[in-house]
Each structure stands twice: as structure tokens, then as C-alpha cells.
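Data file: coords.csv. Format and content: CSV, C-alpha atoms and all ligand atoms.
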```
chain,number,residue,atom,x,y,z
S,1,MET,CA,60.5,172.0,120.5
S,2,LEU,CA,61.8,169.7,123.3
S,3,ASN,CA,58.2,168.6,123.8
S,4,GLY,CA,58.0,167.6,120.2
S,5,LEU,CA,61.3,165.7,120.4
S,6,VAL,CA,60.1,163.8,123.5
S,7,THR,CA,56.8,162.9,121.9
S,8,THR,CA,58.5,161.8,118.7
S,9,VAL,CA,61.1,159.6,120.3
S,10,ARG,CA,59.0,158.1,123.2
S,11,GLU,CA,55.5,157.9,121.7
S,12,GLY,CA,56.4,157.9,118.1
S,13,ALA,CA,58.2,154.6,118.4
S,14,ARG,CA,55.1,153.1,119.9
S,15,TYR,CA,52.9,154.3,117.1
S,16,LYS,CA,52.0,151.4,114.9
S,17,GLY,CA,52.4,153.3,111.6
S,18,GLU,CA,53.0,152.1,108.1
S,19,SER,CA,56.2,150.2,107.3
S,20,ASN,CA,57.4,153.5,105.9
S,21,GLN,CA,57.4,155.0,109.4
S,22,TRP,CA,60.4,152.6,110.1
S,23,MET,CA,61.9,153.6,106.8
S,24,TRP,CA,61.6,157.2,107.9
S,25,ILE,CA,63.4,156.5,111.2
S,26,ALA,CA,66.1,154.5,109.4
S,27,HIS,CA,66.5,157.3,106.8
S,28,ARG,CA,67.0,159.8,109.6
S,29,ILE,CA,69.6,157.6,111.4
S,30,SER,CA,71.5,156.9,108.2
S,31,GLY,CA,71.4,160.6,107.4
S,32,LEU,CA,73.0,161.4,110.7
S,33,GLY,CA,75.6,158.7,110.1
S,34,VAL,CA,76.5,160.2,106.8
S,35,LEU,CA,76.6,163.7,108.3
S,36,LEU,CA,78.9,162.5,111.1
S,37,PHE,CA,81.2,161.1,108.4
S,38,LEU,CA,81.2,164.3,106.4
S,39,VAL,CA,82.1,166.3,109.4
S,40,THR,CA,85.0,164.1,110.5
S,41,HIS,CA,86.1,163.6,106.9
S,42,ILE,CA,86.2,167.3,106.0
S,43,SER,CA,87.7,168.5,109.3
S,44,GLY,CA,90.3,165.6,109.1
S,45,MET,CA,91.2,166.4,105.5
S,46,SER,CA,91.6,170.1,106.3
S,47,PHE,CA,94.5,169.2,108.6
S,48,SER,CA,96.5,168.0,105.6
S,49,TYR,CA,96.7,171.7,104.7
S,50,PHE,CA,96.8,173.4,108.1
S,51,ASN,CA,98.9,170.8,110.0
S,52,PRO,CA,100.1,167.8,108.1
S,53,LYS,CA,101.4,166.1,111.3
S,54,VAL,CA,97.9,166.0,112.8
S,55,HIS,CA,96.6,164.7,109.5
S,56,GLU,CA,99.1,161.8,109.5
S,57,ALA,CA,98.2,161.0,113.1
S,58,LEU,CA,94.5,160.9,112.2
S,59,ILE,CA,95.2,158.6,109.3
S,60,GLU,CA,96.8,156.2,111.7
S,61,ILE,CA,93.8,156.4,114.0
S,62,TYR,CA,91.6,155.6,111.1
S,63,LYS,CA,93.5,152.3,110.8
S,64,THR,CA,92.0,150.9,114.0
S,65,PRO,CA,89.2,148.4,114.4
S,66,LEU,CA,86.8,150.9,115.8
S,67,PHE,CA,87.1,153.0,112.6
S,68,SER,CA,87.0,149.9,110.4
S,69,VAL,CA,83.6,149.0,111.9
S,70,GLY,CA,82.5,152.6,111.6
S,71,GLU,CA,83.4,152.5,108.0
S,72,LEU,CA,81.2,149.4,107.5
S,73,PHE,CA,78.3,151.3,109.2
S,74,LEU,CA,79.0,154.3,107.1
S,75,ALA,CA,78.9,152.3,103.8
S,76,ALA,CA,75.6,150.7,104.9
S,77,CYS,CA,74.2,154.1,105.7
S,78,LEU,CA,75.3,155.6,102.4
S,79,VAL,CA,73.7,152.9,100.3
S,80,PHE,CA,70.5,152.8,102.3
S,81,HIS,CA,70.2,156.6,102.4
S,82,ALA,CA,70.8,157.0,98.6
S,83,ILE,CA,68.4,154.2,97.6
S,84,ASN,CA,65.7,155.2,100.1
S,85,GLY,CA,66.1,158.8,99.2
S,86,THR,CA,65.5,158.0,95.5
S,87,ARG,CA,62.3,156.1,96.5
S,88,ILE,CA,61.0,159.1,98.4
S,89,ALA,CA,61.9,161.5,95.6
S,90,LEU,CA,60.2,159.3,93.0
S,91,LEU,CA,57.0,159.1,95.2
S,92,GLU,CA,57.1,162.9,95.5
S,93,LEU,CA,57.5,163.4,91.8
S,94,LYS,CA,54.7,161.0,91.0
S,95,PRO,CA,52.1,161.3,93.7
S,96,GLU,CA,49.8,159.0,91.8
S,97,TRP,CA,52.2,156.1,92.5
S,98,TRP,CA,51.3,156.2,96.2
S,99,SER,CA,49.4,153.0,96.0
S,100,GLU,CA,52.6,151.2,95.2
S,101,GLN,CA,54.3,152.5,98.3
S,102,HIS,CA,54.8,149.1,99.9
S,103,LYS,CA,56.2,147.6,96.7
S,104,ALA,CA,58.6,150.6,96.5
S,105,THR,CA,59.7,150.0,100.1
S,106,ARG,CA,60.4,146.4,99.5
S,107,ALA,CA,62.2,147.2,96.3
S,108,SER,CA,64.5,149.8,97.9
S,109,LEU,CA,65.3,147.4,100.7
S,110,LEU,CA,66.2,144.7,98.1
S,111,ILE,CA,68.4,147.1,96.1
S,112,THR,CA,70.1,148.3,99.3
S,113,PHE,CA,70.8,144.7,100.1
S,114,VAL,CA,72.0,143.8,96.6
S,115,LEU,CA,74.3,146.8,96.4
S,116,GLY,CA,75.3,146.9,100.1
S,117,ALA,CA,76.0,143.3,101.0
S,118,PRO,CA,78.9,142.7,98.5
S,119,THR,CA,80.4,146.1,99.3
S,120,LEU,CA,80.3,145.4,103.0
S,121,VAL,CA,81.8,141.9,102.5
S,122,ILE,CA,84.6,143.2,100.4
S,123,MET,CA,85.3,146.1,102.8
S,124,ALA,CA,85.3,143.8,105.9
S,125,TRP,CA,87.5,141.3,104.1
S,126,LYS,CA,90.1,144.0,103.2
S,127,SER,CA,90.2,145.4,106.8
S,128,LEU,CA,90.5,141.9,108.2
S,129,SER,CA,93.4,141.0,105.9
S,130,PHE,CA,95.0,144.3,106.8
S,131,TYR,CA,94.8,143.5,110.5
S,132,LEU,CA,95.9,139.9,110.0
S,133,ALA,CA,98.9,141.0,107.9
S,134,THR,CA,100.1,143.8,110.1
S,135,GLY,CA,99.2,142.0,113.3
S,136,ARG,CA,97.5,145.0,114.8
U,137,MET,CA,32.3,138.1,125.1
U,138,LYS,CA,34.8,139.5,127.7
U,139,LEU,CA,36.9,142.4,126.9
U,140,HIS,CA,39.9,143.8,128.8
U,141,LEU,CA,40.0,147.5,128.0
U,142,LYS,CA,43.2,149.4,128.7
U,143,ILE,CA,42.7,153.1,128.6
U,144,LYS,CA,45.4,155.8,129.0
U,145,ARG,CA,43.9,158.1,131.7
U,146,PHE,CA,45.1,161.5,132.6
U,147,ASN,CA,43.5,164.4,134.5
U,148,PRO,CA,46.0,167.2,134.7
U,149,GLU,CA,44.2,168.6,137.7
U,150,ILE,CA,44.9,165.6,139.9
U,151,ASP,CA,47.3,163.3,138.2
U,152,LYS,CA,51.1,163.9,138.0
U,153,LYS,CA,51.4,161.8,134.9
U,154,PRO,CA,49.2,159.6,132.7
U,155,TYR,CA,48.4,156.0,133.9
U,156,TRP,CA,46.7,153.0,132.5
U,157,GLY,CA,43.1,152.5,133.6
U,158,GLU,CA,42.1,148.8,133.2
U,159,TYR,CA,38.5,147.6,132.8
U,160,ASP,CA,36.9,144.2,132.3
U,161,ILE,CA,33.6,144.5,130.6
U,162,GLU,CA,31.1,142.3,128.7
U,163,VAL,CA,30.7,143.3,125.0
U,164,ASP,CA,29.3,141.9,121.8
U,165,GLU,CA,31.9,141.3,119.2
U,166,MET,CA,29.9,143.4,116.7
U,167,ASP,CA,30.0,146.3,119.1
U,168,ARG,CA,32.3,149.2,118.3
U,169,VAL,CA,35.2,150.4,120.4
U,170,LEU,CA,33.1,153.5,121.1
U,171,ASP,CA,30.4,151.2,122.7
U,172,ALA,CA,33.0,149.7,125.0
U,173,LEU,CA,34.2,153.1,126.1
U,174,GLN,CA,30.7,154.2,126.7
U,175,GLU,CA,30.0,151.0,128.7
U,176,VAL,CA,32.9,151.9,130.9
U,177,LYS,CA,31.8,155.5,131.3
U,178,TRP,CA,28.2,154.7,132.0
U,179,THR,CA,28.5,151.7,134.2
U,180,VAL,CA,32.0,151.5,135.7
U,181,ASP,CA,33.7,154.9,135.9
U,182,GLY,CA,31.8,158.1,135.1
U,183,THR,CA,34.9,160.2,135.2
U,184,LEU,CA,36.2,158.8,131.9
U,185,ALA,CA,36.3,161.7,129.5
U,186,LEU,CA,35.9,161.4,125.7
U,187,ARG,CA,34.4,163.3,122.8
U,188,ARG,CA,31.8,161.8,120.5
U,189,SER,CA,28.8,163.1,118.8
U,190,CYS,CA,27.4,161.4,115.8
U,191,ALA,CA,28.7,157.9,116.6
U,192,HIS,CA,28.6,157.1,112.9
U,193,GLY,CA,31.9,158.3,111.5
U,194,ILE,CA,30.7,161.7,110.3
U,195,CYS,CA,31.4,164.3,112.9
U,196,GLY,CA,35.1,163.4,113.5
U,197,SER,CA,35.1,163.9,117.2
U,198,ASP,CA,36.3,160.5,118.5
U,199,ALA,CA,39.7,160.2,116.9
U,200,MET,CA,42.0,158.2,119.3
U,201,ARG,CA,44.9,155.8,119.2
U,202,ILE,CA,43.3,152.3,119.2
U,203,ASN,CA,45.9,149.5,119.6
U,204,GLY,CA,48.6,152.0,118.7
U,205,ARG,CA,47.2,153.6,115.6
U,206,ASN,CA,44.8,156.5,114.9
U,207,ARG,CA,41.2,155.4,114.4
U,208,LEU,CA,37.7,156.7,115.0
U,209,ALA,CA,36.3,154.7,117.9
U,210,CYS,CA,32.9,154.7,116.3
U,211,LYS,CA,34.2,153.0,113.1
U,212,CYS,CA,36.2,150.2,114.8
U,213,LEU,CA,34.5,146.9,115.5
U,214,ILE,CA,35.6,145.1,118.6
U,215,LYS,CA,36.1,141.8,116.7
U,216,ASP,CA,38.6,143.5,114.3
U,217,GLU,CA,40.6,145.2,117.1
U,218,ILE,CA,40.6,142.6,119.9
U,219,LYS,CA,43.9,140.8,120.5
U,220,ASN,CA,44.2,138.3,123.3
U,221,GLY,CA,41.0,139.6,124.8
U,222,GLN,CA,42.4,143.1,125.0
U,223,ILE,CA,42.2,146.5,123.3
U,224,THR,CA,44.3,149.5,124.2
U,225,VAL,CA,43.0,153.1,123.8
U,226,GLU,CA,45.1,156.3,124.1
U,227,PRO,CA,44.6,159.9,123.1
U,228,ILE,CA,46.0,161.1,119.8
U,229,LEU,CA,49.6,162.4,119.7
U,230,GLY,CA,51.0,165.9,119.4
U,231,LEU,CA,48.1,167.8,120.9
U,232,LYS,CA,47.9,168.7,124.6
U,233,VAL,CA,45.8,166.2,126.6
U,234,GLN,CA,43.1,168.1,128.5
U,235,LYS,CA,41.5,165.0,130.1
U,236,ASP,CA,41.8,161.3,129.1
U,237,MET,CA,40.9,161.1,125.4
U,238,ILE,CA,40.1,164.9,125.1
U,239,VAL,CA,42.9,166.9,123.5
U,240,ASP,CA,43.2,170.6,122.8
U,241,MET,CA,42.2,170.8,119.1
U,242,GLU,CA,42.8,174.5,118.8
U,243,PRO,CA,46.3,174.3,117.3
U,244,PHE,CA,44.8,171.9,114.8
U,245,PHE,CA,42.0,174.2,113.8
U,246,ALA,CA,44.4,177.2,113.7
U,247,HIS,CA,46.4,175.3,111.0
U,248,TYR,CA,43.1,174.6,109.2
U,249,ARG,CA,42.1,178.3,109.2
U,250,SER,CA,45.6,179.3,107.9
U,251,VAL,CA,45.0,177.7,104.5
U,252,LEU,CA,41.7,179.7,103.8
U,253,PRO,CA,39.4,176.7,103.8
U,254,PHE,CA,36.6,178.4,102.0
U,255,LEU,CA,35.7,179.2,98.4
U,256,VAL,CA,37.1,182.5,97.2
U,257,ASN,CA,35.6,183.9,94.0
U,258,LYS,CA,35.4,187.7,93.4
U,259,ASP,CA,33.5,187.5,90.1
U,260,PRO,CA,29.9,188.6,90.2
U,261,LEU,CA,27.4,185.8,90.7
U,262,PRO,CA,26.0,184.2,87.5
U,263,GLU,CA,23.1,186.2,85.9
U,264,ASN,CA,20.5,183.8,87.0
U,265,GLY,CA,21.6,184.2,90.6
U,266,ARG,CA,22.3,180.5,90.9
U,267,GLU,CA,25.4,178.4,91.6
U,268,ARG,CA,28.7,178.8,89.8
U,269,LEU,CA,28.8,175.8,87.4
U,270,GLN,CA,31.7,173.5,86.7
U,271,THR,CA,32.1,170.4,84.6
U,272,ILE,CA,31.8,166.9,86.0
U,273,ALA,CA,35.5,166.4,85.4
U,274,ASP,CA,36.4,169.6,87.2
U,275,ARG,CA,34.3,168.5,90.2
U,276,GLU,CA,35.9,165.1,90.1
U,277,ARG,CA,39.4,166.6,90.3
U,278,PHE,CA,39.1,167.4,94.0
U,279,ASP,CA,36.4,164.9,95.0
U,280,ASP,CA,38.7,162.9,97.2
U,281,THR,CA,39.7,165.8,99.5
U,282,THR,CA,36.0,166.9,100.0
U,283,LYS,CA,35.6,163.8,102.2
U,284,CYS,CA,37.6,165.2,105.1
U,285,ILE,CA,35.8,165.4,108.5
U,286,LEU,CA,38.6,167.2,110.4
U,287,CYS,CA,39.0,164.4,112.9
U,288,ALA,CA,42.8,165.0,113.1
U,289,CYS,CA,43.6,161.3,112.7
U,290,CYS,CA,46.0,162.1,109.8
U,291,THR,CA,47.7,165.1,111.3
U,292,THR,CA,48.3,163.4,114.7
U,293,SER,CA,49.7,160.3,113.0
U,294,CYS,CA,52.4,162.3,111.3
U,295,PRO,CA,56.0,162.2,112.7
U,296,SER,CA,56.7,165.6,111.3
U,297,PHE,CA,53.8,167.0,113.3
U,298,TRP,CA,54.8,165.2,116.5
U,299,ALA,CA,58.3,166.8,116.2
U,300,ARG,CA,57.0,170.2,115.3
U,301,GLY,CA,53.5,171.4,116.2
U,302,GLU,CA,53.9,174.4,113.9
U,303,TYR,CA,53.8,172.2,110.8
U,304,VAL,CA,50.4,172.8,109.2
U,305,GLY,CA,49.9,169.1,108.9
U,306,PRO,CA,48.1,166.7,106.5
U,307,ALA,CA,44.6,167.8,107.3
U,308,ALA,CA,45.2,171.4,106.5
U,309,ILE,CA,46.9,170.5,103.3
U,310,VAL,CA,44.0,168.2,102.4
U,311,GLN,CA,41.7,171.2,102.9
U,312,ALA,CA,43.9,173.5,100.9
U,313,HIS,CA,44.0,170.9,98.1
U,314,ARG,CA,40.2,170.8,98.1
U,315,PHE,CA,40.1,174.5,97.1
U,316,ILE,CA,43.3,174.8,95.2
U,317,PHE,CA,42.1,172.3,92.6
U,318,ASP,CA,38.5,173.7,92.5
U,319,SER,CA,38.0,175.3,89.1
U,320,ARG,CA,35.7,177.9,90.7
U,321,ASP,CA,38.2,179.1,93.2
U,322,GLN,CA,40.5,182.1,92.8
U,323,ALA,CA,42.8,182.0,95.8
U,324,ALA,CA,45.0,179.1,95.0
U,325,GLN,CA,48.1,181.3,94.9
U,326,GLU,CA,47.5,182.6,98.5
U,327,ARG,CA,47.1,179.1,99.8
U,328,LEU,CA,50.2,178.0,98.0
U,329,GLU,CA,52.1,180.8,99.5
U,330,VAL,CA,51.1,179.7,103.0
U,331,LEU,CA,52.0,176.1,102.1
U,332,SER,CA,55.4,177.0,100.7
U,333,GLU,CA,56.5,178.5,104.1
U,334,VAL,CA,59.0,176.5,106.3
U,335,ASP,CA,56.1,174.9,108.1
U,336,GLY,CA,54.1,174.2,105.0
U,337,VAL,CA,54.1,171.1,102.7
U,338,TRP,CA,57.9,170.6,102.6
U,339,ARG,CA,57.8,169.3,106.2
U,340,CYS,CA,56.0,166.3,104.8
U,341,ARG,CA,58.5,163.4,104.6
U,342,THR,CA,56.3,161.0,102.7
U,343,VAL,CA,55.9,158.6,105.6
U,344,PHE,CA,52.3,157.6,104.6
U,345,ASN,CA,51.1,157.3,108.2
U,346,CYS,CA,48.3,159.8,107.3
U,347,THR,CA,47.0,157.8,104.4
U,348,ASP,CA,46.7,154.7,106.7
U,349,ALA,CA,45.1,156.7,109.5
U,350,CYS,CA,42.4,158.5,107.5
U,351,PRO,CA,39.0,157.0,108.4
U,352,ARG,CA,37.5,158.3,105.2
U,353,GLY,CA,40.0,156.6,103.0
U,354,ILE,CA,41.4,159.9,101.5
U,355,GLU,CA,44.6,159.5,99.6
U,356,VAL,CA,46.2,162.0,101.9
U,357,THR,CA,49.9,161.6,100.9
U,358,LYS,CA,48.9,161.8,97.2
U,359,ALA,CA,47.0,165.0,97.8
U,360,ILE,CA,50.0,166.5,99.6
U,361,GLY,CA,52.2,165.3,96.7
U,362,GLU,CA,49.9,167.1,94.2
U,363,VAL,CA,50.2,170.3,96.2
U,364,LYS,CA,54.0,169.9,96.3
U,365,ALA,CA,53.9,169.4,92.5
U,366,ALA,CA,51.8,172.5,92.0
U,367,LEU,CA,54.4,174.5,94.0
U,368,ARG,CA,57.3,172.9,92.2
U,369,THR,CA,55.9,173.4,88.7
U,370,GLY,CA,53.6,176.4,89.2
U,371,ILE,CA,51.0,174.4,87.3
U,372,ILE,CA,47.7,173.7,89.0
U,373,ALA,CA,46.2,170.9,87.0
M,401,LIG,S1,31.4,160.1,116.9
M,401,LIG,FE1,31.3,161.2,115.1
M,401,LIG,S2,32.9,160.5,114.0
M,401,LIG,FE2,32.9,159.1,115.6
```

Would you mind writing the file's structure down as C-alpha cells?
Amino acid sequence: MLNGLVTTVREGARYKGESNQWMWIAHRISGLGVLLFLVTHISGMSFSYFNPKVHEALIEIYKTPLFSVGELFLAACLVFHAINGTRIALLELKPEWWSEQHKATRASLLITFVLGAPTLVIMAWKSLSFYLATGR
Amino acid sequence: MKLHLKIKRFNPEIDKKPYWGEYDIEVDEMDRVLDALQEVKWTVDGTLALRRSCAHGICGSDAMRINGRNRLACKCLIKDEIKNGQITVEPILGLKVQKDMIVDMEPFFAHYRSVLPFLVNKDPLPENGRERLQTIADRERFDDTTKCILCACCTTSCPSFWARGEYVGPAAIVQAHRFIFDSRDQAAQERLEVLSEVDGVWRCRTVFNCTDACPRGIEVTKAIGEVKAALRTGIIA
């Protein structure tokens, strides 16, 4: 198990695989990003029921630059993970489309960019104006 | 022409960890990487260990990582691989290195055996005692996956296999595909059962490294996709 992890991380990154090998790595990382969000979100929200004071304190913590940057990262992860996941699901549903895999990869990167870039700009702008207005 | 060959060397009996052996040799650009390795073994350092048999891309013994990707040394021309006068050669990933390029293939063959890689047909032989017939179209259905030479290029290029050696791997799935879609065979369900286990086809993440690595040009990821489809729909077509 550990052996496998070491091989994958150390040697796998040196393997000159298909472009989709990098998509696979990005998919894993973005998946972990989304998972991290879900855990913090669900545990954070549960405090609103168990201990509203803690919940309010958490909301304040979320309004800090670290979390704002984290939010941007999360949004990027979400868009990428959803689009790339759709690409993988489609290729699994239609194995005969395998020869179009590189086109599919380019398309999913393009769609991720088209959907993600404006979202990130709007989010960053909102956070920035919040910090400028409140002087935090 | 001159070639600087970098070979990942490792002899577990003496070396603590793998190291790079570097060799400068004279080669022809139309030589194959296998020729360069043999030149090193025969004239520079006889302790270099590698497998090869046919030297013509048929036996599948000389799979290795050439310039970072899985290839058969006997099918790679120096002129296609050389970069800045250099070629790098390493053993395939995910199987234990026994010496230099030689890895322990047993786990790979165990996965191969697990999918019943042989024709199962309990019906009595045809009256005339000759072969069981099938149409040209039926034969065509699994033609691609008959080309496998069990070199392990695909399985050891697969990130899922590196991470978890228990995963049956692309090669075993290709072999299963060859019989599952054979109209004469009757054990498709048994094979599909093996492949629906946790370490079966669902560990495939559709990375496509296997398709790129296959020296026989088999559409490996497509074959795996077809097995997944058969499991999903219950239809073998
Ligand atoms: S030596 Fe037989 S396949 Fe290369």
C-alpha cells in the first residue's frame, strides 16, 4: 500500500504518459479540494444547531483573506472537477470515442476556463471590495 | 553516431538503492535501443541484466521505460528516441526489480490467470471433429485484443496499478475481453464476476497511458470501456 503510494508519487510524476495522466492528477487534487471543503462546510454548519456561538465565530473566520483565497481555489476545483468528470464519464459511456481523447481533454480545459475565469474574477472582485470597504 | 546511454542499475544483492549507469557507445541511428543495451552488455559491462528473446516485438520480454515511457526496446529505433545524444532506460514500474531491467513478472501473470485466459466451451465438439466455427464478423469483434503479447507495457504504465498492485490491470482485462466477446466462449459471466470485484475494471480511471504504451497498438482503454459497458448493461455485444 505505502509502496504503491511512493511509486505513484515519486516515479509516476516522472512517467511521460498521455496528457490525460496530468488530467488524472489534477482531477485527484481538485477532488481532494472539494472533499476538504465539504468536510469544513458540513462540520461548520452543524455548529449552527449544536452551538450557534461557535458557528458565528466560524463565519467571522471565513471572512479573512486566507479563506477568501481558499474559496477561489475551491471554485476552480469545483468547475474543473465537474467538467473533467463529465469528460471521463462520457468516454466511459462511449468507449468508441477513445480516439477523440485529446480533443476531449482540450475541450474540457476550454470549458473549465470559460466557466471558471469569470466566476473567479467576480468572486475575487467581491472579496476585494469587501476588504477595501471594511478596511480589514 | 555516438550515444550516451543512461541505464537505471540495481542489484538488490549488493546495491542499497538504484543508481544511474552511464555508458558512451558507438551506434548506428537505425539500430534499436535493444542493440545499444546489448552493445553495453557484450562489450562494456557484462553484469547488465535484461530480458529479451525474439528481438522482433513478438515475445514481449523486453518491456522497459525508454525516455520515461513504456516501450519494447526491440521496437524502438535509436534515431526516434535519441535526444541531445542521450537515451534513458529504466525498468517498468509497479513490479519488484530483481536486477536492472528484470522485474518480477509473477504478480502480473497471476492477474492474467485470474481472468481465465482460455476458451471455455462445454458443448461437445462438432460432428466432423473439427474446429468450432464462427462468422467473420464474430471473429472481427475481438480481433484487436488477440494481438496482446503480455509484455506488461500497459499494466505498468497505469497509475491505478502503481498505486495498488492488486488491481488486475489493463493486460488482464484485454485478455478477458478477448474471450468475453468470443462467440464460441461460454465463461463470460465468470470473467465478468472477477472483473466486477473491487480490484477489477472499476479501478481503471480512463487515463489512457495503457493505450499509448501498447507496442501492438491495441485500443486498450476502449477494450476496458467495453468490458465496463458489458458489466453496466449486462449485454455482451
Ligand atoms: S525481445 Fe521479444 S518482444 Fe522484444

- [ ] Would you list the residues near (87.6, 152.7, 109.0), meaning any protein, DNA or RNA residue with an atom at most 10 Å from that point in file coordinates, counting all atoms listed in the file, as a PyMOL selection string?
- [x] chain S and resi 59+61-74+123-124+127

Task: Near-segment 34-37 of chain S list (10 Å; all atoms listed in the file; drop same-chain fewer than 3 positions) as a PyMOL selection string - done: chain S and resi 28-31+40-43+70-71+73-78+81

Open item on the list: Please report the interatomic distance between atom CA of Cys210 of chain U and atom CA of Arg249 of chain U in Å with one decimal.
Closed with: 26.3 Å

Do you have, as JSON lines, the list of residues of chain U lying at most 10 Å from chain S, each with its nearest atom pair and that distance in Å to one decimal, counting all atoms listed in the file and ordered by chain then number?
```
{"residue": "U:Arg201", "atom": "CA", "partner": "S:Tyr15", "partner_atom": "CA", "distance": 8.4}
{"residue": "U:Ile202", "atom": "CA", "partner": "S:Lys16", "partner_atom": "CA", "distance": 9.7}
{"residue": "U:Asn203", "atom": "CA", "partner": "S:Lys16", "partner_atom": "CA", "distance": 7.9}
{"residue": "U:Gly204", "atom": "CA", "partner": "S:Tyr15", "partner_atom": "CA", "distance": 5.1}
{"residue": "U:Arg205", "atom": "CA", "partner": "S:Lys16", "partner_atom": "CA", "distance": 5.3}
{"residue": "U:Asn206", "atom": "CA", "partner": "S:Tyr15", "partner_atom": "CA", "distance": 8.7}
{"residue": "U:Leu229", "atom": "CA", "partner": "S:Thr7", "partner_atom": "CA", "distance": 7.5}
{"residue": "U:Gly230", "atom": "CA", "partner": "S:Thr7", "partner_atom": "CA", "distance": 7.0}
{"residue": "U:Leu231", "atom": "CA", "partner": "S:Gly4", "partner_atom": "CA", "distance": 9.9}
{"residue": "U:Ser293", "atom": "CA", "partner": "S:Gly17", "partner_atom": "CA", "distance": 7.6}
{"residue": "U:Cys294", "atom": "CA", "partner": "S:Gly17", "partner_atom": "CA", "distance": 9.0}
{"residue": "U:Pro295", "atom": "CA", "partner": "S:Thr8", "partner_atom": "CA", "distance": 6.5}
{"residue": "U:Ser296", "atom": "CA", "partner": "S:Thr8", "partner_atom": "CA", "distance": 8.5}
{"residue": "U:Phe297", "atom": "CA", "partner": "S:Gly4", "partner_atom": "CA", "distance": 8.1}
{"residue": "U:Trp298", "atom": "CA", "partner": "S:Gly4", "partner_atom": "CA", "distance": 5.4}
{"residue": "U:Ala299", "atom": "CA", "partner": "S:Gly4", "partner_atom": "CA", "distance": 4.1}
{"residue": "U:Arg300", "atom": "CA", "partner": "S:Gly4", "partner_atom": "CA", "distance": 5.6}
{"residue": "U:Gly301", "atom": "CA", "partner": "S:Gly4", "partner_atom": "CA", "distance": 7.1}
{"residue": "U:Glu302", "atom": "CA", "partner": "S:Met1", "partner_atom": "CA", "distance": 9.6}
{"residue": "U:Cys340", "atom": "CA", "partner": "S:Glu92", "partner_atom": "CA", "distance": 10.0}
{"residue": "U:Arg341", "atom": "CA", "partner": "S:Trp24", "partner_atom": "CA", "distance": 7.7}
{"residue": "U:Thr342", "atom": "CA", "partner": "S:Ile88", "partner_atom": "CA", "distance": 6.6}
{"residue": "U:Val343", "atom": "CA", "partner": "S:Asn20", "partner_atom": "CA", "distance": 5.3}
{"residue": "U:Phe344", "atom": "CA", "partner": "S:Glu18", "partner_atom": "CA", "distance": 6.6}
{"residue": "U:Asn345", "atom": "CA", "partner": "S:Gly17", "partner_atom": "CA", "distance": 5.4}
{"residue": "U:Cys346", "atom": "CA", "partner": "S:Gly17", "partner_atom": "CA", "distance": 8.8}
{"residue": "U:Thr347", "atom": "CA", "partner": "S:Glu18", "partner_atom": "CA", "distance": 9.1}
{"residue": "U:Asp348", "atom": "CA", "partner": "S:Glu18", "partner_atom": "CA", "distance": 7.0}
{"residue": "U:Ala349", "atom": "CA", "partner": "S:Gly17", "partner_atom": "CA", "distance": 8.3}
{"residue": "U:Glu355", "atom": "CA", "partner": "S:Trp98", "partner_atom": "CA", "distance": 8.2}
{"residue": "U:Val356", "atom": "CA", "partner": "S:Trp98", "partner_atom": "CA", "distance": 9.6}
{"residue": "U:Thr357", "atom": "CA", "partner": "S:Trp98", "partner_atom": "CA", "distance": 7.3}
{"residue": "U:Lys358", "atom": "CA", "partner": "S:Pro95", "partner_atom": "CA", "distance": 4.8}
{"residue": "U:Ala359", "atom": "CA", "partner": "S:Pro95", "partner_atom": "CA", "distance": 7.5}
{"residue": "U:Ile360", "atom": "CA", "partner": "S:Pro95", "partner_atom": "CA", "distance": 8.1}
{"residue": "U:Gly361", "atom": "CA", "partner": "S:Pro95", "partner_atom": "CA", "distance": 5.0}
{"residue": "U:Glu362", "atom": "CA", "partner": "S:Pro95", "partner_atom": "CA", "distance": 6.2}
{"residue": "U:Val363", "atom": "CA", "partner": "S:Pro95", "partner_atom": "CA", "distance": 9.5}
{"residue": "U:Lys364", "atom": "CA", "partner": "S:Glu92", "partner_atom": "CA", "distance": 7.7}
{"residue": "U:Ala365", "atom": "CA", "partner": "S:Leu93", "partner_atom": "CA", "distance": 7.0}
{"residue": "U:Arg368", "atom": "CA", "partner": "S:Leu93", "partner_atom": "CA", "distance": 9.5}
```

- [ ] Could I get the residue neighbourhood of ligand LIG 401 (chain M) at 10 Å, counting only C-alpha atoms and all ligand atoms, as a PyMOL selection string?
- [x] chain U and resi 170+186-200+207-212+285-287+351

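Rounded to one decimal, atom CA of Asn257 of chain U and atom CA of Asp274 of chain U lie 15.9 Å from each other.
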
TODO: Rank U:Asn220, U:Gln322, U:Thr369, U:Thr179 by their smallest atom-to-atom distance to Lys258 of chain U, using all atoms listed in the file, and report the top residue only.
DONE: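 Of all the options, U:Gln322 lies closest to Lys258 of chain U.
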
Task: Polymer residues at most 12 Å from Val304 of chain U, all atoms listed in the file, same-chain spacing of 5 or more positions, as number ranges by chain - done: U: 243-251, 288, 290-292, 294, 296-298, 309-312, 327, 330-340, 360

TODO: Mind giving me the straight-line distance from atom CA of Glu165 of chain U to atom CA of Lys142 of chain U in Å, one decimal?
DONE: 16.8 Å

Open item on the list: Just checking: using only C-alpha atoms, which residue out of U:Met137, U:Met237, U:Ala373, U:Leu261 ends up closest to Phe278 of chain U?
Closed with: U:Ala373

Task: Residues within 8 Å of Ile143 of chain U, only C-alpha atoms, excluding chain neighbours under 5 positions, as a PyMOL selection string - done: chain U and resi 156-158+224-226

Open item on the list: I need the residue nearest Asp279 of chain U from this list: U:Leu141, U:Ile354, U:Leu252, U:Ile218. Use all atoms listed in the file for the distance.
Closed with: U:Ile354

Task: Residue with smallest distance to Ala117 of chain S - pool S:Arg10, S:Phe80, S:Gly44, S:Val39, counting all atoms listed in the file - done: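 Residue with the minimum atom-to-atom distance to Ala117 of chain S: S:Phe80.
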